[in-house]
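J.: Have a look at this one.
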Amino acid sequence: MFRRNAPEKGRRVGLGRLGALALGIILAGQGGDSVYAGGSARPFSFPREVGGILTKRGCNNQECHGSVKGRGGFKLSANALYPRDDHEWIVQGGVYQVLSPEPLGSRKPRIDLKQPENSLLLTKPTMEEPHGGGERLSRDSADYRTLVEWIRAGAPYGREEDHRAREIQQLEVSPRQPVIRVDEEQQLLVTATLAGGLTEDVTDQINFESNDPEVAEVSDSGLVRARQPGEAAVVIRAAGRAATVVIGVIRQPLAGYPQTSQRNFIDRLVFAKLRRLHILPSDPSDDRQFLRRVCLDLTGTLPPPERVKEFLANDRPGKRDELIETLLNSPEFLDYWTYRFADLFRVGKSVQGFTKYSRLYWEWIRDGIARNKPYDQMARERIAAQGYGGPALHYYLIGGDLPSPQDMMGEQVRVFLGRRLDCAQCHNHPYEPWSQNQFWGMTAFYGQLTRVGDINTGTAPYNIILDDPEGHGVLGKGGPTVHPRNKTEVQPAFLSGEPAGQNAAEDPRASLAEWMTSPDRPEFAEAIVNRIWGRFFGRGIVDPVDDFKLANPATHPDLLAALAEDFRAGGYDLRQLMRRIVRSRVYQLSSFPNASNRSDRTNYARAHPRPLDAEVLLDAISQVTGVPERFGTKPEGTRAINLVSSDMYPSRFLELYGRPNRQMVPQRKVEASLGQALHLLAGSTYTGKLSGKGSRIDRLIAEGASNAEMVEEFYLAALSRFPTAEERGELEGWIEGQASRQRAAEDLVWALIGSREFAYVH
Amino acid sequence: MKWSGCLQCTGENLRRRDFLRVGSLSLLGFNLSQFLSLKDLMAKAGPPRKAKATSCILLWLEGGPSQVDTWDPKSNSGFKAIPTNVAGIQVSELLPRVSRHMDKLSIIRSMHTEEIDHPEATHYAITGHRPNPTMQFPSLGSIMAKELGQRNGMPAYVRHGEHDDWKGYERYFGSAFIGPKYAPMVVPDPDRKDFEVPDLSLPKGISLERIQDRRSLLRIVDRLCRQKEEVAEYSRMDSFTEQALSLILSPEVKKAFDLSHESEKTKEAYGRHGFGQSVLLARRLVEHGCRFVTAAGYKYNQWDSHSDNNEGHRDKLCPPMDQALAALMEDLEQRGLLDSTLVLVMGEFGRTPHINPNNGRDHWPHCWSLALGGGGIRGGQIIGASDERGAQVAEGMVTVGDLYATLYKAFGIDWEKTYMTPVGRPIKIANSIGDATGVPIEGLV
């Protein structure tokens, strides 16, 4: 491998990239014709030995031959995940095509059985032939000799029983959670557990790669060198397996790390990691910060001024817990979480096609939240929905026709398992162990889904969804699922690869729902606890919250597992999960950083300010100003979070702040934009709402409120706190100096609702 | 030569950056001659040719016009074919004015797309990708805005036409994962008496002094939180607020959006209707620096002529389009903007070659037509051909990806580029059928 002892691992990426490119333009086809001669001198295992070398040397890296289409006409599976395919591409040659099982053009083997040393497989990586990937192998290496011997032995695939015994089942890295100081080094050791039960030190067979070489770089032999404080994940690849280890880098240990008080397992696990990384958590939040945060997070609603005053004046020790219980049982909680799940599950007129459908679907969600329906049950109802009714209605896409089976499957997996299989629709996933076969096996659960009747044409009073293996649906797509690559019929099979079996024939999606929500596997619970956690911290333990994959490891795997286990054990109770989170010390930390956690973003050492979502922000503005938003013919005072089919109500404000259209799984991200700034200065939300019939300003002026009272009430309403003495002085003084009190009050309110303190949860 | 897959490995990166690192090539065992041949290959693939186009106007014919009644006249149309100012090119008699500007426009008669209903087809036409519930794709306008950047302080991407009713498709014109920075600024129908660009001028009773007062109050209110927290988004919002204020106060920007600077004669030439005035406004906007302007398309699915197709095309649909497009081509030429302004006239699909029982034509993505010109696109060309009824592509199929690639080439944008989604999925900016990358249409650019 080139730059074997490279001191600067970071540069390797750039060079490798260039190399890969050059490879692409130098056409393949140097290999001599060959005649197979058989007979092995010793038993070879292609998957383990050759696959291992190709992995260790980076040949099947996803940026080189392991990319979707390979490089330079040579395709390998990433990490030797599919050794049968690799063997074929090497021994028979040929250029891979994505949408066809046939190779492109004629096949030329990449090995030369008569003169093994002349094999392209060897002359390329040794740079005897020009190789865009550079020198990956030297002629005097043991790996080179192994490959020569393997070719000389007839390039066998080997016997299945040998592979099984030697197959790597698991990789373990030692140390497991290394924390090192800047400029220190740490050697990683990798142990493989083989299928036969033996363990083996495989450190010298590993391809190491750091995802952030600026924090920690790693050499080809697994020596980590710390460069600057932070965390870096080192991905460890061996034949057919991969793992990650997260390296913590600190500047210097803190002398006398203090005791942190802990309330539950969340605190224990988060604080333990902070201690390892020598990061101090911020102070606990004060009451005003906690109050506003917990009200917005649990109910999407600001506390009214009276509640703020009462809470701040209250000095009972258990008042935070009492507040949490009040909020968990409030009607606003129901409104808010119905809205959140209506977002995730995609309720909308343009999605379900008719308002009565979106309402039925929405009511099913609302009922589930109201009754605190176990979340696994909700998931099963949605995945296995049949007939006409709430959860069955989510299948309608824009246009009113059923989406394709692969889209329906992909959406469920993303929503409920937090994984994105889309890549595997057209080809094996380039860097996750998901094959195209697995994708289509999962898709086959949806292949029989049919729509019977069509409300548009009057063939039925409404649309009915059911599974129809014969494909009798009037407009349905029911029928066999066909693998796009080999054009054969695919039987339903779970993501794990196991076939669905006989039970699935009757009701395939019911068995899929059972499988997806089964307590025997962690994915389902982990996906939802991570999603909910992300809501309360602005960042998932895996982030983005629905992108679980090897290359995107959890920052706190132990915490994720513990939350999931707690959630399962507690009967998939969403309120209980939220209670656990908001009662923790970690959630209740202040948003103000200290010297040690200033640059940290991933370890929950403090609360990170999060922008309010479009609907919540608009509702908050209406609440503070006292001037409600009008949504079409909806009754005055209808809140944005309570709109059933939000997409029916045009709103410049909601668009500017990123209301999703619900035709795709929402990916909300409120980012500052020019449009928002224009709207803040000149838009109707920030100008028209300041005064008007029933506004808070009008009421206060009518009641004869003093300037001090006015400033105080608006502070309590908007920021859930009293103004500081300094703020009071400046603001009251300013109002005093204005000719028009009305105008002065409007300007004050504009400043409050336009402030970052208002627009964020802190 | 095509690269696909990982962004790090695309030719784009090589062309733009890695050639600077010739020194490091020797580390890979490259010799100079290999390097030079590599460079040759790159030169052939890339767009180093001087691109002329700097702005694009899309006349969006939402609902899907009938190809046989517009750009591809056939015997199964209710209308005759007429000659144009380019020998050998005929268009429908419903386009008499445009026929006199055919030297500036070219017609593609072999568009082939894959979606048959409006939402999916609009998504497909405007993003180049079939809709997928797990993925949001950036629109053509947003990609252009990102690739070309802002000019003269004007918003890069403006879209006319706020639908009054159901807003199902609006998001398709958005920026998706490439960020809100590249989302369109949306303006209402400029032919309305109360036409005003939202949020671009201070409301009545709000003077500049009052805005300054408000901003100083804002500083007082926000002081506490900004002293203690460090949030990058806060300062980003500050810089947007500065930018917004200068936009609001800029007379140039205001002028760009103000049709009262156009003579009555010009307004008449484009047509006193929403379509014509939006095209005129689009011309003003690109003249002032906008990169991509979507004009027309006010009425939801207005070209969707499932009934009375002929009357619709003859009386309501073609005349304003014919008038506005002809006026635009003439106007651009007179102002010397034709070479820098690419005009694209299209809907999301075509219509059936046969007439249905309601005397209408239904959706038809299999073979349809569109027109484009300016911005360095060669005029007076016919690309591809349909069969005798305008039903199927007879030769030279063109995909949306090919169309996009053609536009990108005209702008000097590398059409083989991919964008990486936040989760690491490469998305082609010129996506063609069957996992292919679009190819610029030979003869046009």
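Ordering of the structure tokens sets the chain letters (A, B, ...); residue numbers start at 1 within each chain; ligands are numbered from 1 in the order shown.
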Report as a PyMOL selection string the set of chain B residues whose atoms approach chain A to within 6 Å, with distances computed over only C-alpha atoms.
T.: chain B and resi 9+28+133-134+168+199+202+214+217-218+222+228-229+237+240-241+244
J.: If you run DSSP on this backbone, which residues of stretch 104-345 of chain B come out as strand (DSSP E), and could you give them as a ChimeraX atom specification?
T.: /B:105-111,157-160,185-187,292-295,341-345
J.: How would the residues just picked look written out with C-alpha atoms as a CSV table (one decimal), in the first residue's frame?
T.:
chain,number,residue,atom,x,y,z
B,105,LEU,CA,-35.5,29.3,-30.9
B,106,SER,CA,-35.0,25.6,-31.3
B,107,ILE,CA,-37.5,22.9,-30.8
B,108,ILE,CA,-37.1,19.5,-29.2
B,109,ARG,CA,-39.7,17.1,-30.5
B,110,SER,CA,-38.6,14.0,-28.9
B,111,MET,CA,-38.8,14.6,-25.2
B,157,TYR,CA,-33.7,32.6,-8.1
B,158,VAL,CA,-37.2,34.1,-8.4
B,159,ARG,CA,-40.4,32.2,-9.0
B,160,HIS,CA,-43.5,33.9,-10.2
B,185,MET,CA,-38.0,34.2,-3.8
B,186,VAL,CA,-41.7,33.9,-4.7
B,187,VAL,CA,-43.6,36.8,-6.2
B,292,PHE,CA,-33.1,31.9,-12.8
B,293,VAL,CA,-36.6,33.2,-13.1
B,294,THR,CA,-39.7,31.0,-13.5
B,295,ALA,CA,-42.4,32.9,-15.3
B,341,THR,CA,-30.3,34.8,-21.5
B,342,LEU,CA,-31.5,31.3,-22.0
B,343,VAL,CA,-35.2,30.9,-22.5
B,344,LEU,CA,-36.9,27.6,-21.9
B,345,VAL,CA,-40.5,27.0,-22.7
J.: Between A:Arg276, A:Lys373, A:His65, A:Arg110, which residue has the minimum interatomic distance to A:Gln576, considering only C-alpha atoms?
T.: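 Under the stated criterion, the closest residue is A:Lys373.
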J.: What are the DSSP alpha helix (DSSP H) residues of stretch 256-379 of chain B, as a PyMOL selection string?
T.: chain B and resi 256+264-270+274-288+309-311+318-334
J.: Generate the output file for the selected residues, N, CA and C atoms, as a compact mmCIF listing (two decimals), in the first residue's frame.
T.:
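And here is the file that came out, again_24.txt:
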# COMPACT_ATOMS: atom_id res chain seq x y z
N ALA B 256 -35.92 46.96 -10.18
CA ALA B 256 -35.95 45.71 -10.94
C ALA B 256 -37.34 45.08 -10.89
N GLU B 264 -45.69 51.77 -21.84
CA GLU B 264 -46.98 51.14 -22.12
C GLU B 264 -46.86 50.24 -23.35
N LYS B 265 -46.06 50.71 -24.29
CA LYS B 265 -45.91 49.95 -25.53
C LYS B 265 -45.30 48.57 -25.24
N THR B 266 -44.29 48.55 -24.41
CA THR B 266 -43.67 47.27 -24.07
C THR B 266 -44.66 46.38 -23.33
N LYS B 267 -45.37 46.98 -22.39
CA LYS B 267 -46.34 46.18 -21.64
C LYS B 267 -47.37 45.58 -22.58
N GLU B 268 -47.80 46.38 -23.54
CA GLU B 268 -48.77 45.89 -24.51
C GLU B 268 -48.16 44.76 -25.34
N ALA B 269 -46.90 44.96 -25.71
CA ALA B 269 -46.25 43.96 -26.56
C ALA B 269 -46.23 42.59 -25.89
N TYR B 270 -45.93 42.56 -24.60
CA TYR B 270 -45.90 41.28 -23.88
C TYR B 270 -47.30 40.77 -23.61
N GLY B 274 -51.63 38.04 -17.02
CA GLY B 274 -50.67 37.53 -16.05
C GLY B 274 -49.45 36.91 -16.73
N PHE B 275 -49.72 36.16 -17.78
CA PHE B 275 -48.63 35.49 -18.47
C PHE B 275 -47.63 36.52 -19.03
N GLY B 276 -48.16 37.46 -19.81
CA GLY B 276 -47.29 38.43 -20.47
C GLY B 276 -46.51 39.28 -19.47
N GLN B 277 -47.20 39.75 -18.44
CA GLN B 277 -46.53 40.63 -17.48
C GLN B 277 -45.49 39.87 -16.66
N SER B 278 -45.75 38.60 -16.42
CA SER B 278 -44.74 37.85 -15.66
C SER B 278 -43.50 37.62 -16.52
N VAL B 279 -43.69 37.44 -17.82
CA VAL B 279 -42.53 37.27 -18.69
C VAL B 279 -41.76 38.58 -18.78
N LEU B 280 -42.50 39.67 -18.85
CA LEU B 280 -41.83 40.98 -18.87
C LEU B 280 -41.05 41.21 -17.57
N LEU B 281 -41.68 40.88 -16.48
CA LEU B 281 -40.97 41.04 -15.20
C LEU B 281 -39.73 40.14 -15.16
N ALA B 282 -39.87 38.96 -15.70
CA ALA B 282 -38.72 38.04 -15.74
C ALA B 282 -37.57 38.69 -16.51
N ARG B 283 -37.89 39.34 -17.63
CA ARG B 283 -36.84 39.99 -18.40
C ARG B 283 -36.18 41.10 -17.57
N ARG B 284 -37.00 41.89 -16.88
CA ARG B 284 -36.43 42.93 -16.02
C ARG B 284 -35.50 42.33 -14.97
N LEU B 285 -35.94 41.22 -14.41
CA LEU B 285 -35.16 40.62 -13.32
C LEU B 285 -33.82 40.07 -13.82
N VAL B 286 -33.82 39.39 -14.95
CA VAL B 286 -32.52 38.87 -15.42
C VAL B 286 -31.63 40.03 -15.86
N GLU B 287 -32.25 41.06 -16.38
CA GLU B 287 -31.49 42.25 -16.78
C GLU B 287 -30.77 42.84 -15.55
N HIS B 288 -31.43 42.76 -14.42
CA HIS B 288 -30.85 43.33 -13.20
C HIS B 288 -29.96 42.35 -12.45
N ASN B 309 -59.98 20.63 -25.74
CA ASN B 309 -58.56 20.94 -25.96
C ASN B 309 -58.37 22.04 -27.00
N ASN B 310 -59.08 21.91 -28.12
CA ASN B 310 -58.82 22.84 -29.22
C ASN B 310 -59.22 24.26 -28.87
N GLU B 311 -60.41 24.37 -28.27
CA GLU B 311 -60.86 25.71 -27.88
C GLU B 311 -59.90 26.30 -26.85
N CYS B 318 -52.73 29.36 -26.02
CA CYS B 318 -51.65 29.72 -26.94
C CYS B 318 -51.51 31.23 -27.17
N PRO B 319 -52.59 31.97 -27.34
CA PRO B 319 -52.39 33.39 -27.68
C PRO B 319 -51.51 34.16 -26.69
N PRO B 320 -51.77 34.07 -25.39
CA PRO B 320 -50.87 34.83 -24.50
C PRO B 320 -49.43 34.32 -24.54
N MET B 321 -49.28 33.01 -24.65
CA MET B 321 -47.93 32.45 -24.69
C MET B 321 -47.22 32.90 -25.96
N ASP B 322 -47.93 32.82 -27.09
CA ASP B 322 -47.38 33.23 -28.38
C ASP B 322 -46.93 34.69 -28.31
N GLN B 323 -47.81 35.50 -27.78
CA GLN B 323 -47.53 36.94 -27.70
C GLN B 323 -46.32 37.22 -26.80
N ALA B 324 -46.35 36.64 -25.61
CA ALA B 324 -45.30 36.96 -24.63
C ALA B 324 -43.95 36.41 -25.08
N LEU B 325 -43.93 35.20 -25.60
CA LEU B 325 -42.66 34.60 -26.01
C LEU B 325 -42.05 35.37 -27.19
N ALA B 326 -42.92 35.73 -28.15
CA ALA B 326 -42.42 36.48 -29.30
C ALA B 326 -41.85 37.83 -28.83
N ALA B 327 -42.60 38.49 -27.95
CA ALA B 327 -42.14 39.78 -27.45
C ALA B 327 -40.83 39.64 -26.70
N LEU B 328 -40.72 38.58 -25.94
CA LEU B 328 -39.49 38.36 -25.15
C LEU B 328 -38.29 38.15 -26.07
N MET B 329 -38.43 37.31 -27.08
CA MET B 329 -37.29 37.04 -27.95
C MET B 329 -36.85 38.31 -28.67
N GLU B 330 -37.83 39.08 -29.08
CA GLU B 330 -37.52 40.31 -29.79
C GLU B 330 -36.83 41.31 -28.85
N ASP B 331 -37.41 41.43 -27.70
CA ASP B 331 -36.92 42.36 -26.70
C ASP B 331 -35.49 42.00 -26.27
N LEU B 332 -35.26 40.73 -26.02
CA LEU B 332 -33.92 40.29 -25.60
C LEU B 332 -32.90 40.62 -26.68
N GLU B 333 -33.30 40.39 -27.91
CA GLU B 333 -32.37 40.65 -29.01
C GLU B 333 -32.05 42.15 -29.08
N GLN B 334 -33.10 42.96 -29.00
CA GLN B 334 -32.90 44.41 -29.11
C GLN B 334 -32.03 44.95 -27.98
J.: Residues near B:Ala53, anyone? I mean within 7 Å using only C-alpha atoms, not counting same-chain ones fewer than 4 positions away, as a PyMOL selection string.
T.: chain B and resi 339-342+375-376+410-411
